[in-house]
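Here's the structure, in structure tokens; my notes come after.
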Amino acid sequence: MRSHRVPARLAWLLAPLLLLTGGCSRDRIQLPVVVNLRPVVDLTYAPASTTVPSYYACELYWTGSDLDGRVEHFLYCLDPPTQAGADTPWVRTTGNRVSYVLRCDNPDPPGTMSQPVSYHVFVLKAVDNLGACSAPVVNAFTSFTLAPTVTIFDPPSRSGLLWPTLPPNAAFWFTGTDADGRTTNRPVKYKYKLIRDGGTEVDFRSVILQPDLLRKLYAPAFAGWDSISGDTCRVQVHSMIPGSEYLFAVVAIDEAGAYSPVFSLPGNLFRFACGYAGAGGPRMTVWNEYFSYGYLSGGYNPDPARAIQIEVPGGRSIDFNWSAVPLPGATMRSYRWVIDITSLDDETPRSDEGSDWSHWSRPSIGATSTIVGPFTGTGLDSLEQHTLYIEAEDSNLMKSLAMVRFRVSRPSFGKDLLFVNDTRFWPDVAPRLRPDSLIAPGGMWPSAAELDTFLYARGGVRWRYYSPATVKSTPGIFSGYAFDTLGTRRFGALGGIPLSLLGNYRHIVWMCDPAFDFNDGVIYPKWPMPLLRWMSSGTSNMLSVYSHMGGSLWLMGGGIAFNTLKPFNVPSNDLGGSGWVFSSAAGELMTGRLMYDLPHWRSEIALRRPTGAAVNLQLRANWPGAPDYSRLRVRLDPRTADPLPPLRNSAQFYVTSYAGEVLTRINDILENVSTDPDRNSLGSALDTLYWAIGGDTGYHQAVMTYYHGRETGPVVFSGFPLWYFQRSHALELGDFVLQNIWRLPREPLPR
């Protein structure tokens, strides 16, 4: 009998028939013919058609079915061969999706959605368990990609006819973007080339006149160009020839193979000359809590005249910090430092990196600060001096040297009290024809002479030049204390008030008004800026040194914060025409600046104009040794009840608002307040004495504080002018600070 192949899935149907026949009949049995049905496959998601362009990165999804069996796998192919007899490179998969990153067929130029440049065909078949294939499904579509971009940002481009000069070894930094990148917005790689004037490969001058010539010569492969990954945005070139002119070019290439097609100066081209002109090394800046100084240029010049001259307190460790800005085309390589070395060429290694300061430290890119001392200092007339040398080296092996010569002093504190008048009120003016009289002061009260009288007058003396002669002065609010006074106008030419003068006094009252219109140099004879503003603009601030030595300060006048922070002001967070704001968030308040280090105002300060009508008592703190705050007035009111001074009218004297400096954010200063050296108990080291009340918003913000912590000497800060208030109120506040906080005696005088 002839054998027949019976599919397994039909065997159960034939079994009863075989049993009935028993296989003994003489008649031949004719079995039915079984036909295997082809599977079916459908594309459920794919690029729509050749009329709707798709991005270069796309995905396709499909499903398959088989009515008389199962789909075992799928076969697909992207862009099958079109020539006759060629084998199709089928890809076998059991999945139901595929992702493609399609290459840009013609990346010169890359396509757009309106003008796609790539045409693709996708073919898909399903195969069942008997090997039958479905009818192929074909999807044809076009794709496009957006060109990446690249821009050189360092060295910075320079417009005009003069091109920058870079040293023989230079670095270039650039940034690239691939707007339609699938997994990242960075290009996958960059290619770059350095072209020298006089080279044989491409004419330098032709490229300068027609930058697109580079695209015509090298695109799309850019053969012969060096390549780096898209994660690297820096190229270092070496051994360029001094005296030659160069062009650095870079292109970005995305994952579809498209490149940045635009060549431009500035942009992805950088033209420069190679040489040593101006290559004096990195430009250095050195600072600590007492000074901040930036050299105007780099260079390695050990001339003592280039040393920064400062004074530091004895008996304390001294911090020094530094940084450097390298020449264009370079990066910083290392720093090192030494103190009092006998020869800068002495390369003897340190015996101990932490304590051997007389030999160079190990070069390191992270060596940007040090702590030295404490130094002894035997007195304000001590000749103990030291010199810190700091060396900075960039990637071009160019070096610069900074020098800080510091004198170590200890205060004598032999006298009680010094008043420093750093205000810029107008002086009295006498007419030429009447030498025994005065021209009436203009502007608001007080003038310079009126302020002196208000503060220091002995009383009962004729007002100089005022008529009639019977008008006698009233005792000043500080009359009766043992004090000296000092004006600041002449000290700009002397480089500031020396520590040898300030250190003679245990207590200093420094007064400074905003002086908005005084913006000329500190040595300008007629309208010099306040000395405090000049000391905060990059020179040594002896007031900070004095406070760190333990001296007591009262900073007041309504212009302390403004003048110390104006050099660092960020205009974007100011109050427009109504005031200024100085905040830590904007980088205006930070260590090394007087308001941050001394009164410890570290969050946000506003100078409001006007501030308000009065100030109200805020709290009575309770800590060991605290002043008796119950002796403070509950409210300080304007001088509306005081009599008019000579030669003044009501509009000039009776004011109800003033420029004041206030804290506008929480400013907690917590320190160890325990007197037991074995215990650590955190407590507030900053007391708020008064709130500012009033203004258009009716705000309540701290305007007077007292710092009594351990980082500096005690500091009282008043963000208002004391002479604004009624004489009796100003007198009481002055007595409270000088007597209850500073414990200074006063000769009794009738008021």
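Residue numbers start at 1 in each chain; chains themselves are named A, B, ... in the order of the structure tokens; ligands are numbered from 1 in the order shown.
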Which parts of stretch 60-262 of chain A does DSSP call helix (DSSP H, G or I) when run on the backbone here, written out as a PyMOL selection string?
chain A and resi 204-209+213-218
Enumerate the residues of stretch 52-231 of chain A with a DSSP assignment of strand (DSSP E), computed from the backbone, and present them as a ChimeraX atom specification.
/A:54-55,57-65,71-78,91-93,97-101,118-128,137-144,149-154,165-166,170-177,189-196,226-229
What is the atom CA of A:Asn36-atom CA of A:Ser65 distance in Å, reported with one decimal?
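Atom-to-atom, atom CA of A:Asn36 to atom CA of A:Ser65, that is 13.4 Å.
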Can you list every residue of stretch 290-366 of chain A that has an atom at most 9 Å from stretch 533-557 of chain A, with its nearest atom pair and the distance in Å to one decimal, using only C-alpha atoms, ordered by chain then number, as CSV?
residue,atom,partner,partner_atom,distance
A:Tyr290,CA,A:Asn541,CA,5.4
A:Phe291,CA,A:Ser540,CA,4.1
A:Ser292,CA,A:Gly538,CA,4.7
A:Tyr293,CA,A:Gly538,CA,5.1
A:Gly294,CA,A:Gly538,CA,7.5
A:Ile308,CA,A:Ser540,CA,9.0
A:Gln309,CA,A:Ser540,CA,8.0
A:Ile310,CA,A:Ser540,CA,6.1
A:Glu311,CA,A:Val545,CA,7.5
A:Val312,CA,A:Val545,CA,6.2
A:Pro313,CA,A:Met549,CA,5.7
A:Gly314,CA,A:Met549,CA,7.8
A:Gly315,CA,A:Met549,CA,8.7
A:Arg316,CA,A:Met549,CA,8.3
Rounded to one decimal, what separation in Å do you get between atom CA of A:Ala651 and atom CA of A:Tyr724?
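Between atom CA of A:Ala651 and atom CA of A:Tyr724 the gap is 13.9 Å.
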Atom CA of A:Val71 to atom CA of A:Glu59, distance in Å rounded to a single decimal
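These two atoms are separated by 21.5 Å.
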Could you give me, as a VMD selection string, the residues within 12 Å of A:Val404, counting only C-alpha atoms and dropping anything in the same chain fewer than 5 positions from it?
chain A and resid 285 to 288 291 to 295 302 to 312 320 to 322 337 to 340 385 to 391 540
Write out, as a CSV table (one decimal), in the first residue's frame, the residues just selected, with N, CA and C atoms.
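The resulting result_35.csv:
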chain,number,residue,atom,x,y,z
A,285,THR,N,44.8,86.7,41.0
A,285,THR,CA,44.0,87.4,42.0
A,285,THR,C,44.3,86.7,43.4
A,286,VAL,N,44.5,87.5,44.4
A,286,VAL,CA,44.8,87.0,45.8
A,286,VAL,C,43.9,87.7,46.7
A,287,TRP,N,43.3,87.0,47.7
A,287,TRP,CA,42.4,87.6,48.7
A,287,TRP,C,42.3,86.8,50.0
A,288,ASN,N,41.9,87.5,51.0
A,288,ASN,CA,41.4,86.9,52.3
A,288,ASN,C,40.4,87.9,52.9
A,291,PHE,N,41.7,91.7,52.5
A,291,PHE,CA,42.0,92.4,51.3
A,291,PHE,C,41.6,91.5,50.1
A,292,SER,N,41.6,92.1,48.9
A,292,SER,CA,41.4,91.4,47.7
A,292,SER,C,42.1,92.2,46.6
A,293,TYR,N,43.0,91.6,45.8
A,293,TYR,CA,43.7,92.3,44.8
A,293,TYR,C,43.9,91.4,43.6
A,294,GLY,N,43.6,92.0,42.4
A,294,GLY,CA,43.8,91.3,41.2
A,294,GLY,C,44.8,92.1,40.3
A,295,TYR,N,45.9,91.3,39.9
A,295,TYR,CA,46.9,91.9,39.1
A,295,TYR,C,46.3,92.2,37.7
A,302,PRO,N,59.8,89.3,40.0
A,302,PRO,CA,60.0,89.4,41.5
A,302,PRO,C,60.3,90.7,42.1
A,303,ASP,N,60.1,91.8,41.3
A,303,ASP,CA,60.4,93.1,41.9
A,303,ASP,C,59.6,93.4,43.1
A,304,PRO,N,60.2,93.7,44.2
A,304,PRO,CA,59.4,94.0,45.5
A,304,PRO,C,58.3,95.0,45.3
A,305,ALA,N,58.5,95.9,44.4
A,305,ALA,CA,57.5,97.0,44.2
A,305,ALA,C,56.1,96.4,43.7
A,306,ARG,N,56.1,95.1,43.2
A,306,ARG,CA,54.9,94.5,42.7
A,306,ARG,C,54.2,93.8,43.9
A,307,ALA,N,54.8,93.7,45.0
A,307,ALA,CA,54.2,93.0,46.1
A,307,ALA,C,53.0,93.7,46.7
A,308,ILE,N,52.0,92.9,47.1
A,308,ILE,CA,50.8,93.5,47.8
A,308,ILE,C,51.2,93.7,49.2
A,309,GLN,N,51.0,94.9,49.7
A,309,GLN,CA,51.4,95.3,51.1
A,309,GLN,C,50.1,95.3,52.0
A,310,ILE,N,50.1,94.5,53.0
A,310,ILE,CA,49.0,94.4,53.9
A,310,ILE,C,49.5,94.3,55.4
A,311,GLU,N,48.6,94.5,56.3
A,311,GLU,CA,48.9,94.2,57.7
A,311,GLU,C,48.0,93.1,58.2
A,312,VAL,N,48.5,92.3,59.1
A,312,VAL,CA,47.6,91.2,59.6
A,312,VAL,C,47.8,91.2,61.1
A,320,PHE,N,45.0,82.6,53.2
A,320,PHE,CA,45.2,83.2,51.9
A,320,PHE,C,44.6,82.4,50.8
A,321,ASN,N,43.9,83.0,49.8
A,321,ASN,CA,43.3,82.4,48.7
A,321,ASN,C,43.7,83.0,47.4
A,322,TRP,N,43.8,82.2,46.3
A,322,TRP,CA,44.2,82.8,45.1
A,322,TRP,C,43.6,82.0,43.9
A,337,TRP,N,53.2,77.5,46.4
A,337,TRP,CA,53.4,78.7,47.2
A,337,TRP,C,54.6,78.4,48.2
A,338,VAL,N,55.1,79.5,48.7
A,338,VAL,CA,56.2,79.4,49.6
A,338,VAL,C,56.3,80.8,50.4
A,339,ILE,N,56.8,80.7,51.6
A,339,ILE,CA,57.0,81.9,52.4
A,339,ILE,C,58.4,82.2,52.8
A,340,ASP,N,58.9,83.4,52.5
A,340,ASP,CA,60.2,83.8,52.9
A,340,ASP,C,61.3,83.0,52.4
A,385,GLN,N,57.9,91.0,59.5
A,385,GLN,CA,57.3,91.0,58.2
A,385,GLN,C,57.6,89.6,57.5
A,386,HIS,N,56.7,89.2,56.6
A,386,HIS,CA,56.9,88.0,55.9
A,386,HIS,C,56.4,88.2,54.4
A,387,THR,N,56.9,87.4,53.5
A,387,THR,CA,56.4,87.5,52.1
A,387,THR,C,56.0,86.2,51.6
A,388,LEU,N,54.7,86.2,51.2
A,388,LEU,CA,54.1,85.0,50.5
A,388,LEU,C,54.3,85.1,49.0
A,389,TYR,N,54.9,84.0,48.4
A,389,TYR,CA,55.1,83.9,47.0
A,389,TYR,C,54.2,82.9,46.5
A,390,ILE,N,53.4,83.2,45.4
A,390,ILE,CA,52.5,82.3,44.8
A,390,ILE,C,52.8,82.2,43.3
A,391,GLU,N,53.0,81.0,42.8
A,391,GLU,CA,53.3,80.8,41.4
A,391,GLU,C,52.2,80.0,40.7
A,540,SER,N,43.5,96.8,50.7
A,540,SER,CA,43.4,96.2,52.1
A,540,SER,C,42.5,97.0,53.0
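Restricting the calculation to only C-alpha atoms, the smallest distance between A:Leu722 and any of A:Trp742, A:Tyr596, A:Phe454, A:Phe172 is found for A:Phe454.
When only C-alpha atoms are used to measure the gap to A:Val35, the shortest distance among A:Gly69, A:Gly442, A:Leu607, A:Gly734 belongs to A:Gly69.
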Distance criterion (only C-alpha atoms): nearest to A:Ala402 out of A:Val703, A:Ala324, A:Val509, A:Ala147
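Distance minimum relative to A:Ala402 lands on A:Ala324.
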Write out as a compact mmCIF listing (two decimals) with N, CA and C atoms, in the first residue's frame which residues come within 8 Å of stretch 571-582 of chain A when counting only C-alpha atoms, dropping same-chain ones fewer than 6 positions away.
# COMPACT_ATOMS: atom_id res chain seq x y z
N LEU A 565 29.51 97.30 49.61
CA LEU A 565 29.02 96.30 48.67
C LEU A 565 28.74 96.87 47.28
N GLU A 588 26.74 88.65 45.99
CA GLU A 588 27.19 89.96 46.47
C GLU A 588 27.65 89.90 47.92
N LEU A 589 27.00 89.06 48.72
CA LEU A 589 27.38 88.86 50.12
C LEU A 589 28.15 87.57 50.24
N GLU A 604 20.47 88.77 53.11
CA GLU A 604 20.11 89.76 52.08
C GLU A 604 19.93 91.11 52.74
N ILE A 605 20.51 92.13 52.14
CA ILE A 605 20.46 93.50 52.66
C ILE A 605 19.81 94.38 51.60
N ALA A 606 18.93 95.26 52.07
CA ALA A 606 18.33 96.25 51.16
C ALA A 606 18.62 97.64 51.69
N LEU A 607 19.03 98.51 50.80
CA LEU A 607 19.11 99.94 51.10
C LEU A 607 17.88 100.57 50.50
N ARG A 608 16.94 100.94 51.37
CA ARG A 608 15.67 101.49 50.91
C ARG A 608 15.70 103.01 51.02
N ARG A 609 15.10 103.65 50.03
CA ARG A 609 15.04 105.11 50.01
C ARG A 609 13.64 105.55 49.63
N PRO A 610 12.80 105.99 50.58
CA PRO A 610 13.08 106.13 52.02
C PRO A 610 12.79 104.84 52.76
Nearby residues (only C-alpha atoms) at most 10 Å from A:Arg97, same-chain spacing under 2 positions excluded, as a list of chain:residue names:
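Skipping anything fewer than 2 positions along the chain leaves A:Leu43, A:Thr44, A:Tyr45, A:Ala46, A:Glu59, A:Leu60, A:Tyr61, A:Trp62, A:Thr63, A:Thr93, A:Thr94, A:Gly95, A:Ser99.
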List the neighbours of stretch 249-264 of chain A out to 6 Å using only C-alpha atoms; skip same-chain residues closer than 2 positions along the sequence, and give me the result as a compact mmCIF listing (two decimals) with C-alpha atoms, in the first residue's frame.
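Below you can see result_6.txt, which holds the result:
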# COMPACT_ATOMS: atom_id res chain seq x y z
CA ARG A 103 21.87 57.48 7.65
CA CYS A 104 21.62 60.71 5.77
CA PRO A 107 24.77 65.07 4.12
CA PRO A 110 21.38 67.71 5.24
CA ALA A 147 22.14 69.69 10.85
CA PRO A 148 24.11 69.92 14.11
CA THR A 149 25.83 73.18 15.08
CA VAL A 150 29.18 73.96 16.70
CA PRO A 187 26.78 65.50 18.32
CA VAL A 188 28.30 62.03 18.22
CA LYS A 189 31.71 63.39 17.22
CA TYR A 190 33.69 66.40 16.07
CA LYS A 191 36.29 66.73 13.35
CA TYR A 192 38.84 69.53 13.40
CA LYS A 193 41.73 70.84 11.37
CA PRO A 211 35.09 79.99 4.35
CA ASP A 212 32.60 77.73 2.51
CA PRO A 266 33.42 83.81 14.32
CA GLY A 267 31.61 80.53 14.75
CA ASN A 268 33.32 77.26 13.99
CA LEU A 269 36.45 79.00 12.62
Residues near stretch 709-711 of chain A, anyone? I mean within 10 Å using only C-alpha atoms, not counting same-chain ones fewer than 3 positions away, as a list in words.
Ser547, His548, Met549, Gly550, Asp597, Leu598, His600, Ile669, Leu670, Glu671, Asn672, Val673, Gly683, Ser684, Ala685, Leu686, Tyr706, Pro714 and Val715 of chain A
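Nearest residue to A:Leu499 among A:Ser412, A:Asn139, A:Ser361, A:Asn301 is A:Ser412, counting only C-alpha atoms.
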